[in-house]
Structure formats: structure tokens, C-alpha cells
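All remarks here apply to the structure that follows.
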Amino acid sequence: MHYAATKAAVETMTVGLAQEVAREGIRVNAVAPGMVETGLHEAAGLPDRLERLAPGIPLGRAGRPEEIAEAVLWAALPSVVVRHRLGTHRGRRALKVVHRL
């Protein structure tokens, strides 16, 4: 429940903030990575979690940290993309990206 509420809050904040500051030349986008290959699952006592959930992921595998970094870099590039939520893999987390044009 806490996770879902936080995710919804970040997505709502992304939309609201983008609308509020767009005329000042500031773009606000979000990157929402899904399952990512990190030590988090193993540390939580679920070392096989990524393997178990991989069949439900469109690419058949968890994302890699460098792939998420590429998505963040793309979202930060100067462009006309504003108020966009870039989901990567399964969209389980959101990271706010703010960029001044």
C-alpha cells in the first residue's frame, strides 16, 4: 500500500510540476524502472525473485542499472518532451528528472 501511494504521488507530482513550470522553460519527466538487477532482492532474502518474475517482463529479464541510466539521460536531453513518464521494463519505481531548457 505504501509503495503504491508513493508511486501515485510521484506521478501526480510529475504532471503537476510540469504544468506549473513549463512556461519557465523547465521540463519535468519521470523515469519509472521496473525490476532491476541489483543486490536488493538478495539482501531481502529473495535471491530467486528476478528469475521467478522474468517471464512476466516484456523482455523476459530484469533491467540493468546501465539501461536505467540511459533512460534518465534520454529524459534529461533538451527536447519538447514534457510531462512524460518513461516506463522501463515493468514501471515499478519513479525517478523525477527536472531539466531547464
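FYI, nothing fancy with the C-alpha cells labels: chains A, B, ... in order, residues from 1 per chain, ligands from 1 as they appear.
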
Under the rule of at most 12 Å, produce a per-residue listing of stretch 23-79 of chain A near stretch 4-9 of chain A: chain, number, name, the closest pair of atoms, and the distance in Å, as JSON lines, using only C-alpha atoms.
{"residue": "A:Ala30", "atom": "CA", "partner": "A:Lys7", "partner_atom": "CA", "distance": 10.9}
{"residue": "A:Val31", "atom": "CA", "partner": "A:Lys7", "partner_atom": "CA", "distance": 11.4}
{"residue": "A:Ala32", "atom": "CA", "partner": "A:Lys7", "partner_atom": "CA", "distance": 9.1}
{"residue": "A:Pro33", "atom": "CA", "partner": "A:Lys7", "partner_atom": "CA", "distance": 11.4}
{"residue": "A:Gly34", "atom": "CA", "partner": "A:Lys7", "partner_atom": "CA", "distance": 11.9}

**OP:** Excluding A:Glu37 and any residue of its chain fewer than 4 positions from it, enumerate the residues within 12 Å of it, using only C-alpha atoms, and give them as a ChimeraX atom specification.
**Re:** /A:33,41-42,47-51,54,61-68,89

Original post:
Rounded to one decimal in Å, what is the spacing between atom CA of A:Gly45 and atom CA of A:Tyr3?
Top reply: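 For atom CA of A:Gly45 relative to atom CA of A:Tyr3, the distance reads 18.9 Å.
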
Original post:
Distance atom CA of A:Ile57-atom CA of A:Met35, one decimal place?
Top reply: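 So the two atoms, atom CA of A:Ile57 and atom CA of A:Met35, lie 8.5 Å apart.
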
Subject >> Non-local contacts of A:Gly16 (10 Å; only C-alpha atoms; under 5 positions in same chain excluded) as an MDAnalysis selection string >> reply: chainID A and resid 10:11 21 28 83

Original post:
What lies within 8 Å of A:Ala18 using only C-alpha atoms, ignoring chain neighbours under 3 positions off, as number ranges by chain?
Top reply: A: 14-15, 21-22, 26-29, 82-83

**OP:** Find the distance between atom CA of A:Met13 and atom CA of A:Ala75 and write it in Å to one decimal.
**Re:** 16.3 Å

**OP:** Please give the complete set of residues from stretch 12-92 of chain A that DSSP, run on the backbone, assigns to strand (DSSP E), formatted as a list in words.
**Re:** Ile26, Arg27, Val28, Asn29, Ala30, Val31, Ala32, Pro33, Arg85, Leu86, Gly87 and Thr88 of chain A

Would you export the selected residues with C-alpha atoms as a CSV table (one decimal), in the first residue's frame, please?
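To be explicit, this is the file written out as again-v7.csv:
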chain,number,residue,atom,x,y,z
A,26,ILE,CA,11.7,23.7,-17.3
A,27,ARG,CA,10.8,20.3,-18.4
A,28,VAL,CA,9.7,17.7,-15.9
A,29,ASN,CA,9.6,14.0,-16.8
A,30,ALA,CA,9.8,10.8,-14.8
A,31,VAL,CA,11.7,7.5,-15.4
A,32,ALA,CA,9.9,4.5,-13.8
A,33,PRO,CA,12.1,1.5,-13.9
A,85,ARG,CA,6.6,9.0,-17.6
A,86,LEU,CA,9.1,6.8,-19.3
A,87,GLY,CA,8.4,3.2,-18.1
A,88,THR,CA,11.3,0.8,-18.3
